[in-house]
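File shown: run-v2.cif (mmCIF, C-alpha atoms and all ligand atoms).
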data_work
loop_
_atom_site.group_PDB
_atom_site.id
_atom_site.type_symbol
_atom_site.label_atom_id
_atom_site.label_comp_id
_atom_site.auth_asym_id
_atom_site.auth_seq_id
_atom_site.Cartn_x
_atom_site.Cartn_y
_atom_site.Cartn_z
ATOM 1 C CA MET A 1 155.471 34.983 54.110
ATOM 2 C CA THR A 2 153.763 38.352 53.800
ATOM 3 C CA ALA A 3 153.533 39.984 50.398
ATOM 4 C CA ASN A 4 155.065 43.421 49.983
ATOM 5 C CA SER A 5 152.360 45.821 51.048
ATOM 6 C CA ALA A 6 154.096 49.153 50.378
ATOM 7 C CA GLY A 7 151.693 51.500 48.619
ATOM 8 C CA MET A 8 148.789 49.098 49.073
ATOM 9 C CA THR A 9 145.441 50.857 48.967
ATOM 10 C CA TYR A 10 142.112 49.895 50.499
ATOM 11 C CA ALA A 11 140.759 49.166 47.023
ATOM 12 C CA ASP A 12 143.741 46.955 46.150
ATOM 13 C CA TYR A 13 143.597 45.003 49.366
ATOM 14 C CA LEU A 14 139.883 44.275 49.035
ATOM 15 C CA ASP A 15 139.877 43.760 45.270
ATOM 16 C CA LEU A 16 137.101 46.313 45.103
ATOM 17 C CA LYS A 17 137.333 46.613 41.355
ATOM 18 C CA ASP A 18 136.242 42.989 40.987
ATOM 19 C CA LEU A 19 133.896 43.040 43.956
ATOM 20 C CA LEU A 20 132.043 46.236 43.034
ATOM 21 C CA GLY A 21 132.120 45.377 39.349
ATOM 22 C CA ALA A 22 130.151 42.211 39.990
ATOM 23 C CA GLN A 23 126.677 43.778 40.332
ATOM 24 C CA ARG A 24 125.226 43.679 36.852
ATOM 25 C CA PRO A 25 121.437 44.103 36.833
ATOM 26 C CA ARG A 26 119.822 42.480 33.783
ATOM 27 C CA SER A 27 116.887 44.922 33.804
ATOM 28 C CA ASP A 28 116.360 48.662 34.305
ATOM 29 C CA HIS A 29 114.302 48.119 37.433
ATOM 30 C CA HIS A 30 115.509 49.967 40.499
ATOM 31 C CA ASP A 31 114.996 47.031 42.911
ATOM 32 C CA GLU A 32 117.084 44.501 41.007
ATOM 33 C CA MET A 33 120.243 45.961 42.598
ATOM 34 C CA LEU A 34 118.981 45.078 46.097
ATOM 35 C CA PHE A 35 118.079 41.592 44.902
ATOM 36 C CA ILE A 36 121.581 41.005 43.533
ATOM 37 C CA ILE A 37 123.379 42.464 46.535
ATOM 38 C CA ILE A 38 121.354 40.456 49.064
ATOM 39 C CA HIS A 39 122.232 37.244 47.242
ATOM 40 C CA GLN A 40 125.880 38.171 46.855
ATOM 41 C CA THR A 41 126.346 39.175 50.487
ATOM 42 C CA LYS A 42 124.760 35.889 51.559
ATOM 43 C CA GLU A 43 127.161 33.979 49.322
ATOM 44 C CA LEU A 44 130.039 35.890 50.952
ATOM 45 C CA TRP A 45 128.790 35.105 54.455
ATOM 46 C CA MET A 46 128.402 31.473 53.435
ATOM 47 C CA LYS A 47 132.029 31.474 52.262
ATOM 48 C CA GLU A 48 133.181 32.701 55.674
ATOM 49 C CA LEU A 49 130.823 30.288 57.427
ATOM 50 C CA LEU A 50 132.345 27.360 55.501
ATOM 51 C CA HIS A 51 135.826 28.608 56.382
ATOM 52 C CA GLU A 52 134.948 28.517 60.096
ATOM 53 C CA LEU A 53 133.070 25.253 59.758
ATOM 54 C CA ARG A 54 136.012 23.353 58.254
ATOM 55 C CA PHE A 55 138.150 24.754 61.068
ATOM 56 C CA ALA A 56 135.619 23.786 63.761
ATOM 57 C CA VAL A 57 135.417 20.199 62.451
ATOM 58 C CA ARG A 58 139.199 19.811 62.702
ATOM 59 C CA LEU A 59 139.246 21.281 66.218
ATOM 60 C CA VAL A 60 136.480 18.978 67.476
ATOM 61 C CA GLU A 61 138.305 16.010 65.918
ATOM 62 C CA GLN A 62 141.413 17.014 67.864
ATOM 63 C CA GLY A 63 139.463 17.479 71.105
ATOM 64 C CA ARG A 64 140.373 21.195 71.164
ATOM 65 C CA PHE A 65 136.940 22.145 72.443
ATOM 66 C CA ALA A 66 137.510 25.703 73.690
ATOM 67 C CA GLU A 67 138.880 26.738 70.297
ATOM 68 C CA ALA A 68 136.089 24.906 68.488
ATOM 69 C CA TYR A 69 133.451 26.745 70.561
ATOM 70 C CA LYS A 70 134.948 30.047 69.487
ATOM 71 C CA ALA A 71 134.592 29.117 65.796
ATOM 72 C CA MET A 72 131.091 27.755 66.418
ATOM 73 C CA ALA A 73 130.010 30.930 68.207
ATOM 74 C CA ARG A 74 131.194 32.871 65.158
ATOM 75 C CA ILE A 75 129.161 30.575 62.894
ATOM 76 C CA SER A 76 126.045 31.269 64.975
ATOM 77 C CA ARG A 77 126.591 35.044 64.747
ATOM 78 C CA ILE A 78 126.988 34.826 60.958
ATOM 79 C CA GLN A 79 123.769 32.851 60.781
ATOM 80 C CA ALA A 80 122.041 35.567 62.818
ATOM 81 C CA VAL A 81 123.202 38.250 60.358
ATOM 82 C CA MET A 82 122.027 36.122 57.430
ATOM 83 C CA THR A 83 118.618 35.650 59.023
ATOM 84 C CA LEU A 84 118.307 39.352 59.798
ATOM 85 C CA SER A 85 119.062 40.284 56.207
ATOM 86 C CA TRP A 86 115.678 38.836 55.126
ATOM 87 C CA ASP A 87 114.203 41.985 56.655
ATOM 88 C CA VAL A 88 115.949 44.101 54.036
ATOM 89 C CA LEU A 89 114.704 41.857 51.241
ATOM 90 C CA SER A 90 111.145 41.938 52.551
ATOM 91 C CA THR A 91 111.011 45.629 51.529
ATOM 92 C CA LEU A 92 110.834 44.243 47.982
ATOM 93 C CA THR A 93 107.131 44.239 47.129
ATOM 94 C CA PRO A 94 105.523 41.548 44.936
ATOM 95 C CA VAL A 95 104.727 44.205 42.359
ATOM 96 C CA ASP A 96 108.348 45.359 42.130
ATOM 97 C CA TYR A 97 109.761 41.823 42.064
ATOM 98 C CA LEU A 98 107.438 40.755 39.250
ATOM 99 C CA LYS A 99 108.835 43.580 37.130
ATOM 100 C CA PHE A 100 112.180 41.813 36.821
ATOM 101 C CA ARG A 101 111.573 38.206 37.913
ATOM 102 C CA ASN A 102 111.603 37.119 34.270
ATOM 103 C CA VAL A 103 115.295 38.054 33.910
ATOM 104 C CA LEU A 104 116.263 35.298 36.366
ATOM 105 C CA GLY A 105 115.177 32.568 33.973
ATOM 106 C CA THR A 106 115.711 29.286 35.810
ATOM 107 C CA ALA A 107 118.255 30.741 38.267
ATOM 108 C CA SER A 108 117.392 29.899 41.891
ATOM 109 C CA GLY A 109 119.015 29.796 45.327
ATOM 110 C CA PHE A 110 118.294 26.079 45.059
ATOM 111 C CA GLN A 111 121.427 25.924 42.888
ATOM 112 C CA SER A 112 123.664 27.502 45.567
ATOM 113 C CA GLU A 113 126.591 25.101 45.923
ATOM 114 C CA GLN A 114 127.773 26.776 49.114
ATOM 115 C CA PHE A 115 124.382 26.345 50.788
ATOM 116 C CA ARG A 116 124.404 22.618 50.028
ATOM 117 C CA GLU A 117 128.025 22.333 51.135
ATOM 118 C CA ILE A 118 127.120 23.935 54.460
ATOM 119 C CA GLU A 119 124.347 21.381 54.929
ATOM 120 C CA PHE A 120 126.735 18.529 54.048
ATOM 121 C CA ARG A 121 129.555 19.792 56.252
ATOM 122 C CA LEU A 122 127.224 20.285 59.196
ATOM 123 C CA GLY A 123 125.981 16.711 58.843
ATOM 124 C CA LEU A 124 122.965 16.766 56.547
ATOM 125 C CA LYS A 125 124.437 14.687 53.749
ATOM 126 C CA GLU A 126 121.891 14.155 50.977
ATOM 127 C CA PRO A 127 123.958 12.776 48.058
ATOM 128 C CA ASN A 128 121.184 13.347 45.488
ATOM 129 C CA PHE A 129 121.846 17.072 45.483
ATOM 130 C CA VAL A 130 125.227 16.380 43.857
ATOM 131 C CA ASN A 131 123.478 15.262 40.667
ATOM 132 C CA GLN A 132 122.157 18.699 39.825
ATOM 133 C CA TYR A 133 125.710 19.809 38.921
ATOM 134 C CA PRO A 134 127.321 18.516 35.716
ATOM 135 C CA GLU A 135 130.157 15.961 35.835
ATOM 136 C CA GLY A 136 133.479 17.781 35.916
ATOM 137 C CA SER A 137 132.059 21.032 37.349
ATOM 138 C CA THR A 138 133.772 22.689 40.306
ATOM 139 C CA GLU A 139 130.445 22.676 42.207
ATOM 140 C CA ARG A 140 130.124 18.925 41.858
ATOM 141 C CA ALA A 141 133.725 18.350 42.909
ATOM 142 C CA ALA A 142 133.300 20.567 45.990
ATOM 143 C CA LEU A 143 130.152 18.710 47.050
ATOM 144 C CA GLU A 144 131.723 15.291 46.474
ATOM 145 C CA THR A 145 134.631 16.310 48.686
ATOM 146 C CA ALA A 146 132.236 17.567 51.363
ATOM 147 C CA LEU A 147 130.313 14.268 51.231
ATOM 148 C CA ALA A 148 133.523 12.293 51.678
ATOM 149 C CA GLU A 149 135.002 14.405 54.469
ATOM 150 C CA PRO A 150 133.851 14.239 58.106
ATOM 151 C CA SER A 151 131.027 16.626 58.974
ATOM 152 C CA LEU A 152 130.621 18.482 62.243
ATOM 153 C CA ARG A 153 128.129 15.786 63.240
ATOM 154 C CA ASP A 154 130.717 13.072 62.444
ATOM 155 C CA ALA A 155 133.312 14.962 64.511
ATOM 156 C CA ALA A 156 130.922 15.265 67.470
ATOM 157 C CA THR A 157 130.133 11.552 67.227
ATOM 158 C CA GLY A 158 133.873 10.864 67.300
ATOM 159 C CA ALA A 159 134.159 12.979 70.456
ATOM 160 C CA LEU A 160 131.485 10.830 72.126
ATOM 161 C CA GLU A 161 133.370 7.679 71.160
ATOM 162 C CA ARG A 162 136.690 9.018 72.429
ATOM 163 C CA ALA A 163 135.027 9.850 75.753
ATOM 164 C CA GLY A 164 134.166 6.146 76.051
ATOM 165 C CA PHE A 165 130.564 6.010 74.868
ATOM 166 C CA ASP A 166 129.992 2.679 73.226
ATOM 167 C CA LEU A 167 127.861 3.377 70.166
ATOM 168 C CA LYS A 168 126.591 0.175 68.608
ATOM 169 C CA ASP A 169 126.068 2.134 65.396
ATOM 170 C CA ARG A 170 125.708 5.727 64.322
ATOM 171 C CA SER A 171 121.913 5.663 64.117
ATOM 172 C CA VAL A 172 119.890 8.564 65.532
ATOM 173 C CA GLU A 173 118.679 6.226 68.309
ATOM 174 C CA ALA A 174 122.190 5.189 69.352
ATOM 175 C CA LEU A 175 123.398 8.795 69.271
ATOM 176 C CA ALA A 176 120.354 10.037 71.210
ATOM 177 C CA ALA A 177 120.968 7.397 73.908
ATOM 178 C CA ALA A 178 124.594 8.534 74.296
ATOM 179 C CA TRP A 179 123.739 12.239 74.342
ATOM 180 C CA LEU A 180 120.993 11.515 76.876
ATOM 181 C CA GLN A 181 123.644 10.249 79.288
ATOM 182 C CA VAL A 182 125.604 13.464 78.745
ATOM 183 C CA TYR A 183 122.534 15.578 79.544
ATOM 184 C CA ARG A 184 121.733 13.490 82.613
ATOM 185 C CA ASP A 185 125.163 14.201 84.072
ATOM 186 C CA PRO A 186 126.370 17.520 82.637
ATOM 187 C CA GLU A 187 129.010 18.072 85.368
ATOM 188 C CA ARG A 188 130.726 14.828 84.457
ATOM 189 C CA TRP A 189 130.539 15.408 80.698
ATOM 190 C CA PHE A 190 130.773 19.170 80.647
ATOM 191 C CA ASP A 191 132.799 19.494 77.395
ATOM 192 C CA LEU A 192 130.359 17.286 75.512
ATOM 193 C CA TYR A 193 127.367 18.991 77.089
ATOM 194 C CA GLU A 194 128.657 22.374 75.974
ATOM 195 C CA LEU A 195 129.463 20.986 72.529
ATOM 196 C CA ALA A 196 125.906 19.678 72.163
ATOM 197 C CA GLU A 197 124.401 23.045 73.072
ATOM 198 C CA LYS A 198 126.649 24.807 70.535
ATOM 199 C CA LEU A 199 125.536 22.307 67.880
ATOM 200 C CA LEU A 200 121.943 22.978 68.782
ATOM 201 C CA ASP A 201 122.505 26.745 68.474
ATOM 202 C CA ILE A 202 123.640 26.183 64.885
ATOM 203 C CA ASP A 203 120.722 23.869 64.121
ATOM 204 C CA ASP A 204 118.260 26.308 65.671
ATOM 205 C CA SER A 205 119.677 29.171 63.581
ATOM 206 C CA MET A 206 119.489 27.074 60.427
ATOM 207 C CA VAL A 207 115.779 26.475 60.995
ATOM 208 C CA ALA A 208 115.278 30.184 61.787
ATOM 209 C CA TRP A 209 116.962 31.081 58.464
ATOM 210 C CA ARG A 210 114.738 28.622 56.599
ATOM 211 C CA GLN A 211 111.619 29.972 58.334
ATOM 212 C CA LYS A 212 112.423 33.555 57.461
ATOM 213 C CA HIS A 213 113.202 32.526 53.864
ATOM 214 C CA VAL A 214 109.832 30.825 53.396
ATOM 215 C CA LEU A 215 108.020 33.726 55.049
ATOM 216 C CA THR A 216 109.768 36.223 52.761
ATOM 217 C CA VAL A 217 109.016 34.007 49.761
ATOM 218 C CA GLU A 218 105.318 33.856 50.708
ATOM 219 C CA ARG A 219 105.316 37.596 51.113
ATOM 220 C CA ILE A 220 106.893 38.190 47.700
ATOM 221 C CA ILE A 221 105.548 35.402 45.450
ATOM 222 C CA GLY A 222 102.790 33.778 47.524
ATOM 223 C CA ASN A 223 102.422 30.153 46.446
ATOM 224 C CA LYS A 224 103.749 30.602 42.921
ATOM 225 C CA PRO A 225 106.200 27.920 41.722
ATOM 226 C CA GLY A 226 109.910 28.760 42.116
ATOM 227 C CA THR A 227 112.236 29.828 39.304
ATOM 228 C CA GLY A 228 114.234 26.660 40.059
ATOM 229 C CA GLY A 229 111.226 24.512 39.161
ATOM 230 C CA SER A 230 109.947 23.462 42.590
ATOM 231 C CA ALA A 231 106.423 24.040 43.915
ATOM 232 C CA GLY A 232 107.805 27.131 45.694
ATOM 233 C CA ALA A 233 106.699 27.865 49.280
ATOM 234 C CA PRO A 234 105.161 24.363 49.732
ATOM 235 C CA TYR A 235 108.596 22.853 48.907
ATOM 236 C CA LEU A 236 110.341 25.252 51.278
ATOM 237 C CA ARG A 237 107.873 24.527 54.095
ATOM 238 C CA LYS A 238 108.853 20.855 53.890
ATOM 239 C CA THR A 239 112.512 21.761 54.410
ATOM 240 C CA LEU A 240 111.575 23.246 57.815
ATOM 241 C CA GLU A 241 111.427 19.690 59.145
ATOM 242 C CA LYS A 242 115.102 19.125 58.407
ATOM 243 C CA ARG A 243 117.294 18.863 61.483
ATOM 244 C CA LEU A 244 121.089 18.677 61.454
ATOM 245 C CA PHE A 245 121.302 16.849 64.771
ATOM 246 C CA PRO A 246 117.965 15.016 65.193
ATOM 247 C CA GLU A 247 119.387 13.103 68.192
ATOM 248 C CA LEU A 248 119.887 16.330 70.139
ATOM 249 C CA TRP A 249 116.255 17.276 69.616
ATOM 250 C CA SER A 250 114.814 13.844 70.427
ATOM 251 C CA LEU A 251 116.774 13.359 73.659
ATOM 252 C CA ARG A 252 114.871 16.335 75.114
ATOM 253 C CA THR A 253 111.686 14.306 75.158
ATOM 254 C CA ASP A 254 113.354 11.544 77.156
ATOM 255 C CA LEU A 255 115.134 13.760 79.652
HETATM 256 C C1 LIG B 301 112.603 37.304 46.180
HETATM 257 C C2 LIG B 301 113.388 36.559 46.935
HETATM 258 C C3 LIG B 301 113.392 35.068 46.911
HETATM 259 C C4 LIG B 301 112.437 34.208 46.462
HETATM 260 C C5 LIG B 301 111.064 34.535 45.873
HETATM 261 C C6 LIG B 301 112.962 32.873 46.666
HETATM 262 C C7 LIG B 301 112.299 31.727 46.326
HETATM 263 C C8 LIG B 301 112.790 30.450 46.462
HETATM 264 C C9 LIG B 301 112.089 29.254 46.063
HETATM 265 C C10 LIG B 301 110.688 29.236 45.477
HETATM 266 C C11 LIG B 301 112.907 28.208 46.315
HETATM 267 C C12 LIG B 301 112.613 26.734 46.027
HETATM 268 C C13 LIG B 301 113.389 26.285 44.806
HETATM 269 C C14 LIG B 301 112.824 26.852 43.515
HETATM 270 O O1 LIG B 301 111.855 26.312 42.995
HETATM 271 O O2 LIG B 301 113.373 27.864 43.025
HETATM 272 C C15 LIG B 301 114.122 28.730 46.896
HETATM 273 C C16 LIG B 301 115.184 27.968 47.318
HETATM 274 C C17 LIG B 301 116.314 28.477 47.908
HETATM 275 N N1 LIG B 301 116.626 29.807 48.059
HETATM 276 FE FE1 LIG B 301 115.416 31.366 47.702
HETATM 277 N N2 LIG B 301 114.205 32.943 47.243
HETATM 278 C C18 LIG B 301 114.511 34.264 47.401
HETATM 279 C C19 LIG B 301 115.674 34.763 47.926
HETATM 280 C C20 LIG B 301 116.747 34.011 48.344
HETATM 281 C C21 LIG B 301 117.980 34.550 48.897
HETATM 282 C C22 LIG B 301 118.288 36.046 49.109
HETATM 283 C C23 LIG B 301 118.773 33.499 49.194
HETATM 284 C C24 LIG B 301 120.140 33.592 49.819
HETATM 285 C C25 LIG B 301 121.210 33.173 49.275
HETATM 286 C C26 LIG B 301 118.055 32.291 48.827
HETATM 287 C C27 LIG B 301 118.542 31.022 48.971
HETATM 288 C C28 LIG B 301 117.854 29.878 48.667
HETATM 289 C C29 LIG B 301 118.338 28.551 48.924
HETATM 290 C C30 LIG B 301 119.658 28.194 49.581
HETATM 291 C C31 LIG B 301 117.370 27.671 48.461
HETATM 292 C C32 LIG B 301 117.410 26.143 48.573
HETATM 293 C C33 LIG B 301 116.706 25.740 49.873
HETATM 294 C C34 LIG B 301 116.625 24.238 50.102
HETATM 295 O O3 LIG B 301 116.606 23.454 49.137
HETATM 296 O O4 LIG B 301 116.565 23.845 51.290
HETATM 297 N N3 LIG B 301 116.830 32.644 48.345
HETATM 298 N N4 LIG B 301 114.018 30.095 46.976
#

As structure tokens, how would this structure be written, given the file I've shared?
Amino acid sequence: MTANSAGMTYADYLDLKDLLGAQRPRSDHHDEMLFIIIHQTKELWMKELLHELRFAVRLVEQGRFAEAYKAMARISRIQAVMTLSWDVLSTLTPVDYLKFRNVLGTASGFQSEQFREIEFRLGLKEPNFVNQYPEGSTERAALETALAEPSLRDAATGALERAGFDLKDRSVEALAAAWLQVYRDPERWFDLYELAEKLLDIDDSMVAWRQKHVLTVERIIGNKPGTGGSAGAPYLRKTLEKRLFPELWSLRTDL
């Protein structure tokens, strides 16, 4: 059912009053506006990314590959925009950032529920991250649901099993062995081969985002500790080793 849209304005449709009323700098420093808007736009892109990701998981589960690839291609393009937006933030100099960094208190991107949910729903399920949100909070509930529901990696594993691959377990080794067979005979397993490359696109873009984040962080705060309490850039550099689909990377060595 469509709501009555007679007399609807652009501002009504987009809820611009709420959206444009949500930038509230805590200091008088010119550059704080950019800082807020970069974070907010990334949260919006992450919302859309999650929307496509939930859809893609369902489509892969149903074996509707062509439609899933369309959603996954959109995810990759969103990731590219998110990575590119670091270039805008890197115009923030260390001197300017230090003028208002104190207003953030302990606020940090580390607390972004949507970022963690994206990791979980792609396949990087690290249950410990749930504990940083209080019992009963909406963030905690959303992450618990994401932990319980199948990830894109789970859905892809299911697709391998449905195609007849006999996985003795769901270890990286067992998955890598199955994917290796797909890569050794791409004509025979073309859907799965294409699926794997789309998954790798997403993984690749995730690492690119992380790399650009740590580079921007080094450029703006050097090796200072983060507002969220971590060691800062050294912590972020460790996250560069994370892979969503380690089996798809390791099979390349054995090909
Ligand atoms: C001046 C700009 C920024 C600086 C200096 C910065 C710094 C940091 C640091 C030091 C951490 C590690 C946790 C901590 O101790 O706080 C972190 C984590 C994180 N930041 Fe940023 N950040 C910046 C901008 C952004 C932006 C624009 C986003 C986009 C939403 C973002 C998203 C994240 C996420 C998702 C994490 C968690 C990463 C993980 O655990 O893998 N950051 N950031």

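The shortest atom-to-atom distance to A:Gln211, with only C-alpha atoms taken into account, belongs to A:Arg237 out of A:Arg24, A:Arg252, A:His39, A:Arg237.
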
- request: Could you pull out the residues sitting within 9 Å of ligand LIG 301 (chain B), using all atoms listed in the file, and write them as a count of residues only?
  value: 60

message: To one decimal place in Å, what is the distance between atom CA of A:Glu126 and atom CA of A:Glu67?
response: 28.6 Å

Name the residues within 8 Å of (129.6, 18.9, 49.7), counting all atoms listed in the file in the file's coordinates, and put them as a short mmCIF file (atom, residue, chain, number, x, y, z; two decimals) with C-alpha atoms, keeping the file's coordinate frame.
data_model
loop_
_atom_site.label_atom_id
_atom_site.label_comp_id
_atom_site.auth_asym_id
_atom_site.auth_seq_id
_atom_site.Cartn_x
_atom_site.Cartn_y
_atom_site.Cartn_z
CA GLU A 113 126.59 25.10 45.92
CA ARG A 116 124.40 22.62 50.03
CA GLU A 117 128.02 22.33 51.14
CA ILE A 118 127.12 23.94 54.46
CA GLU A 119 124.35 21.38 54.93
CA PHE A 120 126.74 18.53 54.05
CA ARG A 121 129.56 19.79 56.25
CA LYS A 125 124.44 14.69 53.75
CA VAL A 130 125.23 16.38 43.86
CA ARG A 140 130.12 18.92 41.86
CA ALA A 141 133.72 18.35 42.91
CA ALA A 142 133.30 20.57 45.99
CA LEU A 143 130.15 18.71 47.05
CA GLU A 144 131.72 15.29 46.47
CA THR A 145 134.63 16.31 48.69
CA ALA A 146 132.24 17.57 51.36
CA LEU A 147 130.31 14.27 51.23
CA ALA A 148 133.52 12.29 51.68
#

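Here atom CA of A:Ala66 and atom CA of A:Ser250 stand 25.8 Å from one another.
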
task: Write out as a list of chain:residue names which residues come within 12 Å of A:Leu180 when counting all atoms listed in the file, dropping same-chain ones fewer than 4 positions away.
output: A:Leu160, A:Phe165, A:Val172, A:Glu173, A:Ala174, A:Leu175, A:Ala176, A:Arg184, A:Asp185, A:Pro186, A:Trp189, A:Leu192, A:Tyr193, A:Ala196, A:Glu247, A:Leu248, A:Trp249, A:Ser250, A:Leu251, A:Arg252, A:Thr253, A:Asp254, A:Leu255

task: Tell me which residues the PyMOL selection byres (((chain A and resi 72) around 8) and not hetatm) grabs here, as a ChimeraX atom specification.
output: /A:52-53,56,68-71,73-76,198-199,202

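Going from atom CA of A:Thr91 to atom CA of A:Asp201 covers 27.9 Å.
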
message: Once the PyMOL selection byres (((chain A and resi 244) around 7) and not hetatm) is applied to the coordinates I shared, what remains selected? I want it as a count of residues only.
response: 8

Edge lengths and centre in Å, axis-aligned, stretch 152-158 of chain A plus 5 Å each side, as lines of an AutoDock Vina configuration file:
center_x = 131.0
center_y = 14.7
center_z = 64.9
size_x = 15.7
size_y = 17.6
size_z = 15.2

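Among A:Leu44, A:Val57, A:Met33, A:Ala178, the residue with the shortest atom-to-atom distance to A:Asp166, counting only C-alpha atoms, is A:Ala178.
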
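Closest approach to A:Leu98 among A:Glu32, A:Glu48, A:Asp154, A:Glu61 is made by A:Glu32 (distances from only C-alpha atoms).
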
- prompt: Pick the closest to A:Asp31 from A:Ser205, A:Ala156, A:Val88, A:Trp179: which is it, counting all atoms listed in the file?
  reply: A:Val88
